[in-house]
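Dropping data_5.cif in here (mmCIF, C-alpha atoms):
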data_protein
#
loop_
_atom_site.label_atom_id
_atom_site.label_comp_id
_atom_site.auth_asym_id
_atom_site.auth_seq_id
_atom_site.Cartn_x
_atom_site.Cartn_y
_atom_site.Cartn_z
CA MET C 1452 0.00 0.00 0.00
CA ASN C 1453 1.02 3.56 -0.67
CA ASN C 1454 1.86 5.24 2.63
CA ASN C 1455 0.56 8.59 1.41
CA ASN C 1456 -2.85 7.01 0.87
CA ASN C 1457 -2.73 5.31 4.27
CA ASN C 1458 -2.18 8.63 6.04
CA SER C 1459 -5.43 10.06 4.67
CA LEU C 1460 -7.91 7.36 5.61
CA GLU C 1461 -9.28 8.95 8.77
CA ASP C 1462 -12.83 9.10 7.39
CA LEU C 1463 -12.81 5.56 5.99
CA VAL C 1464 -14.67 2.82 7.86
CA LEU C 1465 -14.44 -0.80 6.76
CA PHE C 1466 -17.03 -3.32 7.96
CA ALA C 1467 -16.80 -7.08 7.42
CA GLY C 1468 -19.82 -9.19 6.66
CA GLY C 1469 -19.89 -12.79 7.79
CA ALA C 1470 -18.94 -14.32 4.41
CA CYS C 1471 -15.17 -13.75 4.41
CA PRO C 1472 -13.95 -12.20 7.69
CA GLU C 1473 -10.37 -13.40 7.19
CA LEU C 1474 -10.09 -11.52 3.90
CA ALA C 1475 -11.61 -8.41 5.51
CA ARG C 1476 -9.07 -8.54 8.34
CA ALA C 1477 -6.24 -8.85 5.81
CA VAL C 1478 -7.57 -5.86 3.84
CA ALA C 1479 -7.80 -3.80 7.04
CA LYS C 1480 -4.24 -4.79 7.93
CA HIS C 1481 -2.97 -3.58 4.55
CA LEU C 1482 -4.87 -0.32 5.04
CA LYS C 1483 -3.51 -0.04 8.59
CA ILE C 1484 -6.97 0.52 10.03
CA ASN C 1485 -9.22 -1.40 12.41
CA LEU C 1486 -12.33 -3.14 11.17
CA GLY C 1487 -15.57 -1.45 12.15
CA ARG C 1488 -17.35 -3.09 15.08
CA GLN C 1489 -20.79 -4.55 14.52
CA ASP C 1490 -23.10 -7.21 15.85
CA LEU C 1491 -24.14 -9.74 13.21
CA ARG C 1492 -26.25 -12.74 14.14
CA LEU C 1493 -29.30 -14.78 13.28
CA PHE C 1494 -32.54 -14.87 15.21
CA SER C 1495 -33.88 -18.32 16.07
CA ASP C 1496 -36.22 -18.17 13.08
CA GLY C 1497 -33.32 -17.50 10.67
CA GLU C 1498 -33.82 -13.75 10.25
CA ASN C 1499 -30.64 -11.63 10.13
CA TYR C 1500 -29.86 -9.11 12.86
CA VAL C 1501 -27.43 -6.25 12.21
CA GLU C 1502 -26.27 -3.49 14.57
CA LEU C 1503 -23.39 -1.10 13.97
CA MET C 1504 -21.15 -0.31 16.94
CA GLU C 1505 -19.30 2.54 15.22
CA ASN C 1506 -20.16 6.18 14.51
CA VAL C 1507 -20.32 6.47 10.70
CA ARG C 1508 -21.96 9.89 10.36
CA GLY C 1509 -20.30 11.68 7.44
CA LYS C 1510 -17.89 8.77 6.89
CA ASN C 1511 -17.02 6.86 3.73
CA VAL C 1512 -18.10 3.31 4.54
CA PHE C 1513 -16.91 0.16 2.78
CA ILE C 1514 -18.72 -3.13 3.47
CA LEU C 1515 -16.79 -6.26 2.48
CA GLN C 1516 -19.05 -9.22 1.80
CA SER C 1517 -18.99 -11.94 -0.86
CA ILE C 1518 -22.33 -13.26 -2.07
CA SER C 1519 -21.18 -16.85 -1.64
CA ALA C 1520 -22.78 -19.85 0.06
CA PRO C 1521 -25.09 -19.45 1.84
CA ALA C 1522 -25.68 -16.88 -0.90
CA ASN C 1523 -29.14 -15.70 0.11
CA ASN C 1524 -28.14 -15.18 3.75
CA ASN C 1525 -24.97 -13.30 2.81
CA LEU C 1526 -26.86 -11.15 0.31
CA MET C 1527 -29.48 -10.23 2.90
CA GLU C 1528 -26.79 -9.48 5.49
CA LEU C 1529 -25.03 -7.14 3.02
CA MET C 1530 -28.26 -5.31 2.26
CA LEU C 1531 -29.17 -4.91 5.93
CA MET C 1532 -25.68 -3.65 6.75
CA ALA C 1533 -25.92 -1.10 3.93
CA ASP C 1534 -29.34 0.05 5.12
CA ALA C 1535 -28.04 0.43 8.67
CA VAL C 1536 -25.08 2.47 7.41
CA ARG C 1537 -27.36 4.69 5.32
CA ARG C 1538 -29.71 5.31 8.23
CA ALA C 1539 -26.68 6.18 10.39
CA SER C 1540 -25.94 9.07 7.98
CA ALA C 1541 -22.79 7.78 6.26
CA SER C 1542 -21.52 10.02 3.47
CA ASP C 1543 -20.85 7.24 0.93
CA ILE C 1544 -21.42 3.49 0.91
CA VAL C 1545 -19.29 1.14 -1.17
CA ALA C 1546 -20.07 -2.57 -1.32
CA VAL C 1547 -16.85 -4.54 -1.69
CA VAL C 1548 -18.13 -7.83 -3.10
CA PRO C 1549 -15.11 -9.95 -4.12
CA TYR C 1550 -17.40 -12.70 -5.43
CA LEU C 1551 -20.65 -11.34 -6.85
CA GLY C 1552 -23.06 -14.24 -6.65
CA TYR C 1553 -25.88 -14.71 -9.18
CA SER C 1554 -23.64 -13.30 -11.93
CA ARG C 1555 -23.97 -16.45 -14.01
CA GLN C 1556 -27.70 -15.78 -14.31
CA ASP C 1557 -27.30 -12.79 -16.60
CA ARG C 1558 -29.69 -13.60 -19.50
CA ARG C 1559 -32.81 -15.44 -20.56
CA PRO C 1560 -31.52 -18.42 -22.56
CA ARG C 1561 -33.79 -19.33 -25.49
CA SER C 1562 -36.42 -16.93 -24.05
CA ALA C 1563 -37.04 -19.33 -21.15
CA ARG C 1564 -39.42 -18.16 -18.43
CA VAL C 1565 -36.64 -17.33 -15.97
CA PRO C 1566 -35.52 -14.16 -14.21
CA ILE C 1567 -32.39 -12.24 -15.12
CA SER C 1568 -31.16 -12.70 -11.57
CA ALA C 1569 -28.00 -10.62 -11.98
CA ARG C 1570 -30.19 -7.60 -12.80
CA VAL C 1571 -32.42 -8.30 -9.78
CA ILE C 1572 -29.35 -8.27 -7.53
CA ALA C 1573 -28.24 -4.98 -9.06
CA ASP C 1574 -31.62 -3.40 -8.29
CA MET C 1575 -31.61 -4.79 -4.74
CA LEU C 1576 -28.13 -3.49 -3.89
CA THR C 1577 -28.88 -0.07 -5.33
CA SER C 1578 -32.19 0.18 -3.44
CA VAL C 1579 -30.53 0.16 0.00
CA GLY C 1580 -28.29 3.13 -0.66
CA ILE C 1581 -25.11 1.51 -1.96
CA GLY C 1582 -23.44 4.09 -4.18
CA ARG C 1583 -20.67 1.98 -5.70
CA VAL C 1584 -19.81 -1.71 -6.07
CA LEU C 1585 -16.27 -3.06 -6.09
CA THR C 1586 -15.99 -6.63 -7.33
CA MET C 1587 -13.36 -8.96 -8.78
CA ASP C 1588 -13.31 -10.98 -12.02
CA LEU C 1589 -16.98 -10.42 -12.79
CA HIS C 1590 -18.27 -13.47 -14.67
CA ALA C 1591 -19.70 -11.32 -17.47
CA GLU C 1592 -18.39 -7.77 -17.62
CA GLN C 1593 -21.56 -6.50 -19.29
CA ILE C 1594 -23.33 -7.01 -15.94
CA GLN C 1595 -21.90 -3.61 -15.02
CA GLY C 1596 -24.57 -2.21 -17.33
CA PHE C 1597 -27.31 -3.54 -15.03
CA TYR C 1598 -26.30 -0.99 -12.39
CA GLN C 1599 -27.20 2.70 -12.27
CA ILE C 1600 -24.19 3.23 -10.00
CA PRO C 1601 -20.45 2.81 -10.72
CA VAL C 1602 -19.15 -0.77 -10.70
CA GLU C 1603 -15.41 -1.25 -10.32
CA ASN C 1604 -14.45 -4.66 -11.74
CA ILE C 1605 -10.86 -5.44 -10.80
CA TYR C 1606 -8.78 -8.48 -11.65
CA ALA C 1607 -6.95 -11.28 -9.87
CA ALA C 1608 -4.69 -11.78 -12.91
CA PRO C 1609 -1.65 -10.07 -11.33
CA VAL C 1610 -1.81 -12.50 -8.39
CA LEU C 1611 -2.45 -15.60 -10.50
CA MET C 1612 0.06 -14.74 -13.22
CA GLY C 1613 2.62 -13.77 -10.61
CA ASP C 1614 2.38 -17.26 -9.14
CA ILE C 1615 2.46 -19.04 -12.51
CA SER C 1616 5.48 -17.00 -13.61
CA THR C 1617 7.57 -18.47 -10.78
CA ILE C 1618 7.10 -22.05 -12.00
CA ILE C 1619 6.39 -21.86 -15.74
CA ASP C 1620 8.83 -22.74 -18.52
CA PRO C 1621 7.38 -20.92 -21.55
CA ASP C 1622 8.94 -23.39 -24.00
CA SER C 1623 7.40 -26.47 -22.40
CA SER C 1624 4.09 -25.07 -21.12
CA MET C 1625 0.62 -24.18 -22.38
CA ILE C 1626 -2.06 -21.88 -21.03
CA VAL C 1627 -5.42 -23.61 -21.50
CA ALA C 1628 -8.87 -22.05 -21.91
CA PRO C 1629 -11.46 -24.45 -20.42
CA ASP C 1630 -14.04 -23.34 -23.01
CA VAL C 1631 -14.48 -20.90 -25.85
CA GLY C 1632 -15.86 -18.28 -23.45
CA GLY C 1633 -12.58 -18.25 -21.55
CA VAL C 1634 -10.36 -17.66 -24.59
CA VAL C 1635 -9.92 -13.92 -24.01
CA ARG C 1636 -8.71 -14.48 -20.45
CA ALA C 1637 -6.45 -17.38 -21.42
CA ARG C 1638 -4.98 -15.49 -24.38
CA ALA C 1639 -4.09 -12.57 -22.10
CA PHE C 1640 -2.31 -14.97 -19.72
CA ALA C 1641 -0.47 -16.69 -22.58
CA SER C 1642 0.64 -13.36 -24.03
CA ALA C 1643 1.85 -11.99 -20.70
CA LEU C 1644 3.70 -15.22 -19.90
CA ALA C 1645 5.11 -15.55 -23.44
CA THR C 1646 3.80 -19.07 -23.92
CA ASN C 1647 1.31 -20.89 -26.16
CA LEU C 1648 -2.46 -21.27 -25.93
CA ALA C 1649 -4.72 -24.32 -26.09
CA ILE C 1650 -8.52 -24.41 -26.03
CA ILE C 1651 -10.89 -27.06 -24.68
CA ASP C 1652 -13.92 -27.51 -26.93
CA LYS C 1653 -16.81 -28.81 -24.88
CA ARG C 1654 -20.57 -29.03 -24.96
CA ARG C 1655 -22.82 -28.61 -21.94
CA PRO C 1656 -26.01 -30.71 -22.23
CA ARG C 1657 -27.45 -29.14 -19.06
CA ALA C 1658 -26.42 -26.89 -16.16
CA ASN C 1659 -23.31 -28.02 -14.24
CA VAL C 1660 -22.70 -30.91 -16.66
CA ALA C 1661 -19.87 -30.50 -19.16
CA LYS C 1662 -18.61 -32.95 -21.75
CA VAL C 1663 -15.13 -32.39 -23.16
CA MET C 1664 -15.09 -32.94 -26.92
CA HIS C 1665 -11.54 -32.22 -28.11
CA ILE C 1666 -8.50 -30.03 -27.59
CA ILE C 1667 -7.37 -27.31 -29.98
CA GLY C 1668 -3.58 -27.21 -29.68
CA ASP C 1669 -0.74 -29.68 -29.21
CA VAL C 1670 -0.29 -30.35 -25.49
CA LYS C 1671 1.89 -33.46 -25.75
CA GLY C 1672 4.81 -33.24 -23.33
CA LYS C 1673 3.59 -29.88 -21.99
CA ASP C 1674 2.84 -28.55 -18.52
CA CYS C 1675 -0.71 -27.22 -18.85
CA PHE C 1676 -2.17 -24.34 -16.84
CA ILE C 1677 -5.96 -24.03 -17.05
CA VAL C 1678 -7.19 -20.52 -16.17
CA ASP C 1679 -10.81 -19.67 -15.31
CA ASP C 1680 -12.82 -17.24 -13.20
CA ILE C 1681 -14.96 -19.73 -11.24
CA VAL C 1682 -14.59 -23.34 -10.14
CA ASP C 1683 -17.95 -24.63 -8.94
CA THR C 1684 -18.67 -28.36 -9.20
CA ALA C 1685 -15.22 -28.92 -10.79
CA ASN C 1686 -16.77 -31.18 -13.42
CA THR C 1687 -15.35 -29.07 -16.23
CA LEU C 1688 -11.87 -28.88 -14.72
CA CYS C 1689 -11.65 -32.58 -13.99
CA GLN C 1690 -12.83 -33.58 -17.46
CA ALA C 1691 -10.45 -31.07 -19.01
CA ALA C 1692 -7.55 -32.47 -17.00
CA THR C 1693 -8.40 -36.01 -18.13
CA ALA C 1694 -8.56 -34.91 -21.76
CA LEU C 1695 -5.23 -33.07 -21.48
CA LYS C 1696 -3.49 -36.06 -19.90
CA GLU C 1697 -4.94 -38.36 -22.59
CA GLN C 1698 -3.40 -36.05 -25.19
CA GLY C 1699 0.01 -36.36 -23.55
CA ALA C 1700 0.18 -33.44 -21.12
CA THR C 1701 2.78 -34.12 -18.43
CA ARG C 1702 1.19 -31.96 -15.73
CA VAL C 1703 -2.11 -30.13 -15.31
CA ALA C 1704 -2.62 -27.24 -12.90
CA ALA C 1705 -5.74 -25.07 -12.69
CA TYR C 1706 -5.85 -21.41 -11.62
CA CYS C 1707 -9.30 -20.07 -10.69
CA THR C 1708 -10.24 -16.82 -8.96
CA HIS C 1709 -13.46 -17.82 -7.19
CA PRO C 1710 -13.55 -21.18 -5.34
CA VAL C 1711 -17.28 -21.89 -5.16
CA LEU C 1712 -16.46 -25.63 -4.89
CA SER C 1713 -19.99 -26.80 -4.22
CA GLY C 1714 -21.19 -30.32 -3.50
CA ALA C 1715 -18.54 -33.01 -3.97
CA ALA C 1716 -16.17 -30.69 -5.84
CA VAL C 1717 -13.20 -31.14 -3.50
CA GLU C 1718 -13.53 -34.92 -3.52
CA ARG C 1719 -13.80 -34.79 -7.29
CA ILE C 1720 -10.56 -32.81 -7.50
CA VAL C 1721 -8.75 -35.22 -5.17
CA ASN C 1722 -9.69 -38.14 -7.43
CA SER C 1723 -8.97 -36.32 -10.70
CA GLU C 1724 -5.97 -35.93 -13.00
CA ILE C 1725 -5.47 -32.37 -11.74
CA ASP C 1726 -2.07 -32.04 -10.12
CA GLU C 1727 -2.84 -28.74 -8.39
CA LEU C 1728 -5.71 -26.29 -8.06
CA VAL C 1729 -4.73 -22.72 -7.15
CA ILE C 1730 -7.53 -20.45 -5.95
CA CYS C 1731 -7.98 -16.99 -4.44
CA ASP C 1732 -9.53 -16.06 -1.09
CA THR C 1733 -12.51 -14.18 -2.57
CA ILE C 1734 -14.58 -16.91 -0.90
CA SER C 1735 -13.56 -18.25 2.51
CA ALA C 1736 -11.98 -21.69 2.31
CA THR C 1737 -13.74 -24.47 4.18
CA ASP C 1738 -11.85 -26.96 6.35
CA GLU C 1739 -12.21 -29.50 3.53
CA ILE C 1740 -10.43 -27.10 1.17
CA THR C 1741 -7.62 -26.16 3.56
CA LYS C 1742 -6.92 -29.82 4.30
CA CYS C 1743 -6.73 -30.81 0.63
CA ASP C 1744 -3.12 -31.29 -0.49
CA LYS C 1745 -4.04 -30.51 -4.11
CA ILE C 1746 -5.47 -27.07 -3.36
CA ARG C 1747 -3.45 -23.93 -2.67
CA VAL C 1748 -4.89 -20.51 -1.75
CA LEU C 1749 -3.51 -17.12 -2.83
CA THR C 1750 -4.66 -13.87 -1.27
CA VAL C 1751 -6.02 -10.88 -3.17
CA SER C 1752 -6.22 -8.75 -0.03
CA HIS C 1753 -3.48 -6.35 -1.13
CA ILE C 1754 -5.20 -5.63 -4.46
CA LEU C 1755 -8.54 -5.05 -2.73
CA ALA C 1756 -6.91 -2.82 -0.13
CA GLU C 1757 -5.13 -0.72 -2.72
CA THR C 1758 -8.35 -0.35 -4.71
CA VAL C 1759 -10.30 0.68 -1.61
CA ALA C 1760 -7.68 3.34 -0.86
CA ARG C 1761 -7.80 4.61 -4.43
CA ILE C 1762 -11.59 4.82 -4.42
CA TYR C 1763 -11.45 6.75 -1.15
CA ASN C 1764 -8.79 9.11 -2.51
CA ASN C 1765 -10.37 9.45 -5.96
CA SER C 1766 -7.27 8.00 -7.61
CA SER C 1767 -7.00 5.92 -10.80
CA ILE C 1768 -7.87 2.24 -10.48
CA SER C 1769 -7.18 1.18 -14.06
CA SER C 1770 -3.50 2.07 -13.65
CA LEU C 1771 -3.23 -0.85 -11.20
CA PHE C 1772 -3.72 -3.26 -14.10
#
What does this structure look like when you write it as structure tokens?
Amino acid sequence: MNNNNNNSLEDLVLFAGGACPELARAVAKHLKINLGRQDLRLFSDGENYVELMENVRGKNVFILQSISAPANNNLMELMLMADAVRRASASDIVAVVPYLGYSRQDRRPRSARVPISARVIADMLTSVGIGRVLTMDLHAEQIQGFYQIPVENIYAAPVLMGDISTIIDPDSSMIVAPDVGGVVRARAFASALATNLAIIDKRRPRANVAKVMHIIGDVKGKDCFIVDDIVDTANTLCQAATALKEQGATRVAAYCTHPVLSGAAVERIVNSEIDELVICDTISATDEITKCDKIRVLTVSHILAETVARIYNNSSISSLF
């Protein structure tokens, strides 16, 4: 963090929701501030209770909360915290949402009778007085257009690429896009790391079920690095790893920003051809994740902290990337 920024944060208050308190503490440490005190709990009937224990009148308030499992509870907690901050006369409210849940529901496929849930979330967050949203590796960047307030979408790429760069041999490695939709991200990684690109061509017969068809690119004898924004059930990653190994890849590692890892995902990874899964702490790791020898966690706390400071000081964010 820039020390000049740190010295001018006297009107900044950072609250942590219950979704990722460890990340919030790390962000506060980088900012050299204390987390705001609050009382967050559930009533016996499951309703959320929120009470702020800090004076926020005239302050710039940042609320750090991922909309991760349990997504509905964490979303409601974020909204209630924002409403409490607004009613306590804060000057500005910024929602720091490292993982913005519901972002994969951003359209009506084949005109099906379904909601555009990502737009509903945008309306909900705006309705409680949030004036800006800070998120990371938004699943579809056009979701920013659903909001009538500024949305700062920052990237975990510097953290992920920084880690890959310490172990990659450009001449004997490949960056792999897990599907056509991930080609832009994978191409950026391959270009920055001066290595080649491969693409997994797959078809998805239904939600959360992926079938790998074939690989575009010669991966024989290569160390392969799959890059993606979200790992959920891990079906796609595990099938991709199998296909890569069948085509002669010597090693397969996966780098994903958001570790949703729902259901039997961790067990699936343990039993797969994946040699290592590297994730970020945008979603708090469960005990099952931390105990898994194949999974390694990188922190994005310093990027979030620097972005928070720049928002507070009205400094450029794009120059970070």
Do you know which residues lie at most 10 Å from (-13.5, -4.6, 15.7), with coordinates as in the file and all atoms listed in the file counted, and could you write them as a PyMOL selection string? chain C and resi 1465-1467+1476+1485-1490+1504-1505
Taking all atoms listed in the file into account, produce a table as JSON lines in which each residue of stretch 1624-1654 of chain C with an atom at most 8 Å from an atom of stretch 1678-1693 of chain C appears once, together with its shortest atom pair and the distance in Å to one decimal, ordered by chain and rising number.
{"residue": "C:Ile1626", "atom": "CA", "partner": "C:Val1678", "partner_atom": "CA", "distance": 7.2}
{"residue": "C:Val1627", "atom": "CA", "partner": "C:Val1678", "partner_atom": "CA", "distance": 6.4}
{"residue": "C:Ala1628", "atom": "CA", "partner": "C:Val1678", "partner_atom": "CA", "distance": 6.2}
{"residue": "C:Pro1629", "atom": "CA", "partner": "C:Ala1691", "partner_atom": "CA", "distance": 6.8}
{"residue": "C:Gly1633", "atom": "CA", "partner": "C:Asp1679", "partner_atom": "CA", "distance": 6.6}
{"residue": "C:Arg1636", "atom": "CA", "partner": "C:Val1678", "partner_atom": "CA", "distance": 7.6}
{"residue": "C:Ala1637", "atom": "CA", "partner": "C:Val1678", "partner_atom": "CA", "distance": 6.2}
{"residue": "C:Ile1651", "atom": "CA", "partner": "C:Ala1691", "partner_atom": "CA", "distance": 7.0}
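You will find atom CA of C:Ile1725 at 11.0 Å from atom CA of C:Ala1700.
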Could you give me, as a ChimeraX atom specification, the residues that have an atom at most 12 Å away from the point (-22.4, -18.3, -0.2) in the coordinates of the file, using all atoms listed in the file? /C:1468-1471,1516-1529,1548-1553,1683,1709-1713,1733-1737
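Here atom CA of C:Val1748 stands at a distance of 5.0 Å from atom CA of C:Ile1730.
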Selection near stretch 1609-1623 of chain C, 8 Å with only C-alpha atoms, sequence-local residues under 3 positions removed, as a count of residues only: 14
Selection result for the PyMOL selection byres ((chain C and resi 1582-1593) around 10) on this file, as a PDB file with C-alpha atoms, in the frame of the given file:
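The resulting selection.pdb:
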ATOM      1  CA  PHE C1513     -16.910   0.160   2.780  1.00  0.00           C
ATOM      2  CA  ILE C1514     -18.720  -3.130   3.470  1.00  0.00           C
ATOM      3  CA  LEU C1515     -16.790  -6.260   2.480  1.00  0.00           C
ATOM      4  CA  GLN C1516     -19.050  -9.220   1.800  1.00  0.00           C
ATOM      5  CA  SER C1517     -18.990 -11.940  -0.860  1.00  0.00           C
ATOM      6  CA  ALA C1533     -25.920  -1.100   3.930  1.00  0.00           C
ATOM      7  CA  SER C1542     -21.520  10.020   3.470  1.00  0.00           C
ATOM      8  CA  ASP C1543     -20.850   7.240   0.930  1.00  0.00           C
ATOM      9  CA  ILE C1544     -21.420   3.490   0.910  1.00  0.00           C
ATOM     10  CA  VAL C1545     -19.290   1.140  -1.170  1.00  0.00           C
ATOM     11  CA  ALA C1546     -20.070  -2.570  -1.320  1.00  0.00           C
ATOM     12  CA  VAL C1547     -16.850  -4.540  -1.690  1.00  0.00           C
ATOM     13  CA  VAL C1548     -18.130  -7.830  -3.100  1.00  0.00           C
ATOM     14  CA  PRO C1549     -15.110  -9.950  -4.120  1.00  0.00           C
ATOM     15  CA  TYR C1550     -17.400 -12.700  -5.430  1.00  0.00           C
ATOM     16  CA  LEU C1551     -20.650 -11.340  -6.850  1.00  0.00           C
ATOM     17  CA  GLY C1552     -23.060 -14.240  -6.650  1.00  0.00           C
ATOM     18  CA  TYR C1553     -25.880 -14.710  -9.180  1.00  0.00           C
ATOM     19  CA  SER C1554     -23.640 -13.300 -11.930  1.00  0.00           C
ATOM     20  CA  ARG C1555     -23.970 -16.450 -14.010  1.00  0.00           C
ATOM     21  CA  GLN C1556     -27.700 -15.780 -14.310  1.00  0.00           C
ATOM     22  CA  ASP C1557     -27.300 -12.790 -16.600  1.00  0.00           C
ATOM     23  CA  ALA C1569     -28.000 -10.620 -11.980  1.00  0.00           C
ATOM     24  CA  ALA C1573     -28.240  -4.980  -9.060  1.00  0.00           C
ATOM     25  CA  LEU C1576     -28.130  -3.490  -3.890  1.00  0.00           C
ATOM     26  CA  THR C1577     -28.880  -0.070  -5.330  1.00  0.00           C
ATOM     27  CA  SER C1578     -32.190   0.180  -3.440  1.00  0.00           C
ATOM     28  CA  VAL C1579     -30.530   0.160   0.000  1.00  0.00           C
ATOM     29  CA  GLY C1580     -28.290   3.130  -0.660  1.00  0.00           C
ATOM     30  CA  ILE C1581     -25.110   1.510  -1.960  1.00  0.00           C
ATOM     31  CA  ILE C1594     -23.330  -7.010 -15.940  1.00  0.00           C
ATOM     32  CA  GLN C1595     -21.900  -3.610 -15.020  1.00  0.00           C
ATOM     33  CA  GLY C1596     -24.570  -2.210 -17.330  1.00  0.00           C
ATOM     34  CA  PHE C1597     -27.310  -3.540 -15.030  1.00  0.00           C
ATOM     35  CA  TYR C1598     -26.300  -0.990 -12.390  1.00  0.00           C
ATOM     36  CA  GLN C1599     -27.200   2.700 -12.270  1.00  0.00           C
ATOM     37  CA  ILE C1600     -24.190   3.230 -10.000  1.00  0.00           C
ATOM     38  CA  PRO C1601     -20.450   2.810 -10.720  1.00  0.00           C
ATOM     39  CA  VAL C1602     -19.150  -0.770 -10.700  1.00  0.00           C
ATOM     40  CA  GLU C1603     -15.410  -1.250 -10.320  1.00  0.00           C
ATOM     41  CA  ASN C1604     -14.450  -4.660 -11.740  1.00  0.00           C
ATOM     42  CA  ILE C1605     -10.860  -5.440 -10.800  1.00  0.00           C
ATOM     43  CA  TYR C1606      -8.780  -8.480 -11.650  1.00  0.00           C
ATOM     44  CA  ALA C1607      -6.950 -11.280  -9.870  1.00  0.00           C
ATOM     45  CA  ALA C1608      -4.690 -11.780 -12.910  1.00  0.00           C
ATOM     46  CA  GLY C1632     -15.860 -18.280 -23.450  1.00  0.00           C
ATOM     47  CA  ASP C1679     -10.810 -19.670 -15.310  1.00  0.00           C
ATOM     48  CA  ASP C1680     -12.820 -17.240 -13.200  1.00  0.00           C
ATOM     49  CA  ILE C1681     -14.960 -19.730 -11.240  1.00  0.00           C
ATOM     50  CA  THR C1708     -10.240 -16.820  -8.960  1.00  0.00           C
ATOM     51  CA  HIS C1709     -13.460 -17.820  -7.190  1.00  0.00           C
ATOM     52  CA  THR C1733     -12.510 -14.180  -2.570  1.00  0.00           C
ATOM     53  CA  VAL C1751      -6.020 -10.880  -3.170  1.00  0.00           C
ATOM     54  CA  ILE C1754      -5.200  -5.630  -4.460  1.00  0.00           C
ATOM     55  CA  LEU C1755      -8.540  -5.050  -2.730  1.00  0.00           C
ATOM     56  CA  THR C1758      -8.350  -0.350  -4.710  1.00  0.00           C
ATOM     57  CA  VAL C1759     -10.300   0.680  -1.610  1.00  0.00           C
ATOM     58  CA  ILE C1762     -11.590   4.820  -4.420  1.00  0.00           C
TER      59      ILE C1762
END
What does the structure give for the distance between atom CA of C:Asp1652 and atom CA of C:Ile1746, in Å to one decimal? 25.0 Å
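Residue membership of the PyMOL selection byres ((chain C and resi 1463) around 6) in the shown file amounts to C:Leu1460, C:Glu1461, C:Asp1462, C:Val1464, C:Asn1511, C:Val1512.
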